[in-house]
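Before any comments, here is the structure.
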Amino acid sequence: MPTIFVTGAGRGLGLEFVRQYAQAGWRVIGTVRGAAAAAELAALSAEAMTVDVSDMNEIKTLRSRLASERIDLLVCSAGISGRRGMALGSFDYAEWEKVLRVNLLGTAAVIEALVENVAASERRKIAVMSSRLGSISETRGMTLPYATSKAALNLLARGLAVQLAPRGILVVALHPGWVRTDMGGPAAPLAPEQSVRGLRTLLERVRPEDSGKFFAYDGSVVPW
Ligand SMILES: NC(=O)c1ccc[n+]([C@@H]2O[C@H](COP(=O)([O-])OP(=O)(O)OC[C@H]3O[C@@H](n4cnc5c(N)ncnc54)[C@H](OP(=O)(O)O)[C@@H]3O)[C@@H](O)[C@H]2O)c1
C-alpha cells in the first residue's frame, strides 16, 4: 500500500487529498493543527499529526516520529494568503514575513525533514502547492506578498528537482486552479474534488523528465 503525506490536511485542498487517496486505498498521513481536524482525518481512516509548519521544533519532532517510514508521495499543501488588499503603500511587512515563513520556509523545512522518507519509497514524488499568481511571466502585480512567496516556492521546487534527480526523486510545483476553499472563497469556479482529481491524475502520470516543472490541475504546464 503506497503512502501519501499531506500538510495542511485539516481543511481545503489538503483535506480533499486525504479523502481521495484514502478512498483509493492509500495509507494517508496528514498534518493538522486542531483536535477537530484530527478527528475528521481519523474518520477517513487517515493518521493525523499535529504540526505547525512554521515551527521548527515541531518539524524536528515530525522528522524523528517518522524516522523509519516510507513516503511515496509528499504533498505540501499548507499555505496562507496573508491579509487581503496589501499593495504598494500598504505593505504589512510582519504579515509578509508570516506568509514567507509558512509558504516558503515551512514547505522547505517539511521537505528537508522528510526527504529520506521519500527516498526510501518506491514512487519518490514531492509536490508543492504553488499558485499561478507566483508566475513571474504572467504576473499583473496582484497580491504581491502571497505571489512572491509562491514565486520563491517555484524556484525551491525547481532547484530541489535538480538536486534530487540523482536519487530518483521527482519534484513538481502545482497550480490547483481557483478553488472553493476558505482561501479561494465561494466565488471560485472549481470544487476541491475536481481540482484534486486532476492533480491526482497528473501526479500519477508525471515521469522523471517532468521533474522541475510547474503544472496546473488540468495537466497543462504553467509558464514560470
Ligand atoms: N484555493 C485556491 O484557489 C488556491 C489557488 C492557488 C493555490 N492554492 C494553494 O493551495 C494550498 C491549499 O490552499 P487551500 O485553498 O486548501 O487553503 P485553505 O482552505 O485556507 O487551507 C489552508 C490549509 O493550510 C493549513 N495551514 C496554514 N498555515 C499553516 C501552518 N502554519 N502550519 C500548518 N498548516 C497550516 C491550514 O491549517 P489550519 O486549518 O490548521 O489553519 C489549512 O489546512 C495553499 O498552499 C494555497 O496557497 C489555493
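Simple scheme: letters A, B, ... for chains in C-alpha cells order, numbers from 1 for residues in each chain, numbers from 1 for ligands in the order shown.
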
Please extract the residues at most 7 Å from ligand 1, counting only C-alpha atoms and all ligand atoms, and provide them as a ChimeraX atom specification, using the chain letters and residue numbers of this document. /A:7-14,31-34,51-54,77-81,102-103,129-132,175-184,188

Quick check for you: according to DSSP on this backbone, which residues of region 32-87 of chain A are classed as alpha helix (DSSP H)? Reply as a ChimeraX atom specification. /A:35-43,56-65

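Ranking A:Gly219, A:Trp224, A:Val118, A:Glu209 by their shortest atom-to-atom distance to Glu138 (chain A), with only C-alpha atoms included, puts A:Trp224 first.
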
Set the distance at 8 Å and use only C-alpha atoms: which residues neighbour Pro2 (chain A) once local chain neighbours fewer than 4 positions away are removed? I'd like the list as number ranges by chain. A: 26-27, 71-72

List the spatial neighbours of Met56 (chain A) as a PyMOL selection string - criterion: any atom at most 12 Å away, only C-alpha atoms, same-chain residues fewer than 4 positions off excluded. chain A and resi 51-52+60-63+101-102+105-110+112-113

List the neighbours of Leu44 (chain A) out to 12 Å using only C-alpha atoms; skip same-chain residues closer than 5 positions along the sequence, and give me the result as JSON, numbers by chain. {"A": [9, 10, 15, 16, 17, 18, 19, 20, 21, 22, 23, 24, 25, 26, 27, 28, 29, 30, 37, 38, 39]}

Using only C-alpha atoms, can you tell me which of A:Val75, A:Leu160, A:Ile59, A:Ala119 comes closest to Val196 (chain A)? A:Val75

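With CA of Ala147 (chain A) on one side and CA of Leu133 (chain A) on the other, the separation reads 5.2 Å.
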
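Interatomic distance, CA of Glu95 (chain A) against CA of Thr143 (chain A): 12.3 Å.
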
Can you list, as a CSV table (one decimal) with all heavy atoms, in the first residue's frame, every protein, DNA or RNA residue that comes within 10 Å of Val115 (chain A) when you count only C-alpha atoms, leaving out same-chain residues fewer than 6 positions away?
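Written output follows (out-v6.csv):
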```csv
chain,number,residue,atom,x,y,z
A,63,ARG,N,10.2,14.9,12.1
A,63,ARG,CA,11.3,14.1,11.5
A,63,ARG,C,11.6,12.9,12.3
A,63,ARG,O,11.7,11.8,11.8
A,63,ARG,CB,12.5,14.9,11.4
A,63,ARG,CG,13.7,14.2,10.8
A,63,ARG,CD,15.0,14.9,10.9
A,63,ARG,NE,15.0,16.1,10.0
A,63,ARG,CZ,16.1,16.5,9.3
A,63,ARG,NH1,17.2,15.8,9.4
A,63,ARG,NH2,16.0,17.6,8.6
A,70,ARG,N,8.2,5.1,5.1
A,70,ARG,CA,8.4,5.4,3.7
A,70,ARG,C,7.3,6.3,3.2
A,70,ARG,O,6.1,6.0,3.5
A,70,ARG,CB,8.4,4.1,2.8
A,70,ARG,CG,9.6,3.3,3.1
A,70,ARG,CD,9.5,2.0,2.4
A,70,ARG,NE,10.7,1.2,2.8
A,70,ARG,CZ,11.1,0.1,2.2
A,70,ARG,NH1,10.5,-0.3,1.1
A,70,ARG,NH2,12.2,-0.5,2.7
A,71,ILE,N,7.6,7.3,2.5
A,71,ILE,CA,6.6,8.2,1.9
A,71,ILE,C,6.7,8.2,0.4
A,71,ILE,O,7.7,8.7,-0.2
A,71,ILE,CB,6.7,9.6,2.5
A,71,ILE,CG1,6.5,9.6,4.0
A,71,ILE,CG2,5.7,10.6,1.8
A,71,ILE,CD1,6.8,10.9,4.7
A,74,LEU,N,4.8,13.0,-1.2
A,74,LEU,CA,4.7,14.1,-0.2
A,74,LEU,C,4.1,15.3,-0.9
A,74,LEU,O,4.6,15.9,-1.9
A,74,LEU,CB,6.2,14.5,0.2
A,74,LEU,CG,6.3,15.7,1.1
A,74,LEU,CD1,5.5,15.7,2.4
A,74,LEU,CD2,7.8,15.9,1.4
A,109,ALA,N,11.2,23.3,5.0
A,109,ALA,CA,11.6,22.6,6.2
A,109,ALA,C,10.9,21.2,6.2
A,109,ALA,O,11.5,20.2,6.7
A,109,ALA,CB,11.1,23.4,7.5
A,124,ARG,N,8.7,7.9,-4.9
A,124,ARG,CA,9.6,9.1,-4.7
A,124,ARG,C,9.1,10.3,-5.4
A,124,ARG,O,9.8,10.9,-6.3
A,124,ARG,CB,11.0,8.7,-5.2
A,124,ARG,CG,11.7,7.7,-4.2
A,124,ARG,CD,13.0,7.2,-4.8
A,124,ARG,NE,12.8,6.2,-5.7
A,124,ARG,CZ,13.7,5.6,-6.4
A,124,ARG,NH1,15.0,5.9,-6.3
A,124,ARG,NH2,13.5,4.6,-7.3
A,125,LYS,N,8.0,10.9,-5.0
A,125,LYS,CA,7.4,12.1,-5.6
A,125,LYS,C,7.2,13.1,-4.5
A,125,LYS,O,6.6,12.8,-3.5
A,125,LYS,CB,6.2,11.8,-6.4
A,125,LYS,CG,6.4,10.9,-7.6
A,125,LYS,CD,5.1,10.6,-8.3
A,125,LYS,CE,5.4,9.7,-9.5
A,125,LYS,NZ,4.1,9.2,-10.2
A,126,ILE,N,7.5,14.4,-4.9
A,126,ILE,CA,7.2,15.5,-4.0
A,126,ILE,C,6.5,16.6,-4.8
A,126,ILE,O,6.9,16.9,-5.9
A,126,ILE,CB,8.6,16.1,-3.4
A,126,ILE,CG1,9.3,15.1,-2.6
A,126,ILE,CG2,8.3,17.4,-2.6
A,126,ILE,CD1,10.7,15.6,-2.1
A,164,LEU,N,17.8,16.6,-6.5
A,164,LEU,CA,17.3,15.3,-6.0
A,164,LEU,C,17.2,14.3,-7.2
A,164,LEU,O,17.0,13.1,-7.0
A,164,LEU,CB,16.0,15.4,-5.3
A,164,LEU,CG,16.1,16.2,-4.0
A,164,LEU,CD1,14.7,16.4,-3.4
A,164,LEU,CD2,17.0,15.4,-3.0
A,169,ILE,N,14.3,11.2,-7.1
A,169,ILE,CA,13.2,11.8,-6.5
A,169,ILE,C,12.7,12.9,-7.5
A,169,ILE,O,13.5,13.8,-7.9
A,169,ILE,CB,13.6,12.4,-5.2
A,169,ILE,CG1,14.0,11.3,-4.2
A,169,ILE,CG2,12.4,13.2,-4.6
A,169,ILE,CD1,14.6,11.8,-2.9
```

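Taking CA of Ser64 (chain A) as the reference point, CA of Pro166 (chain A) is found at 24.9 Å.
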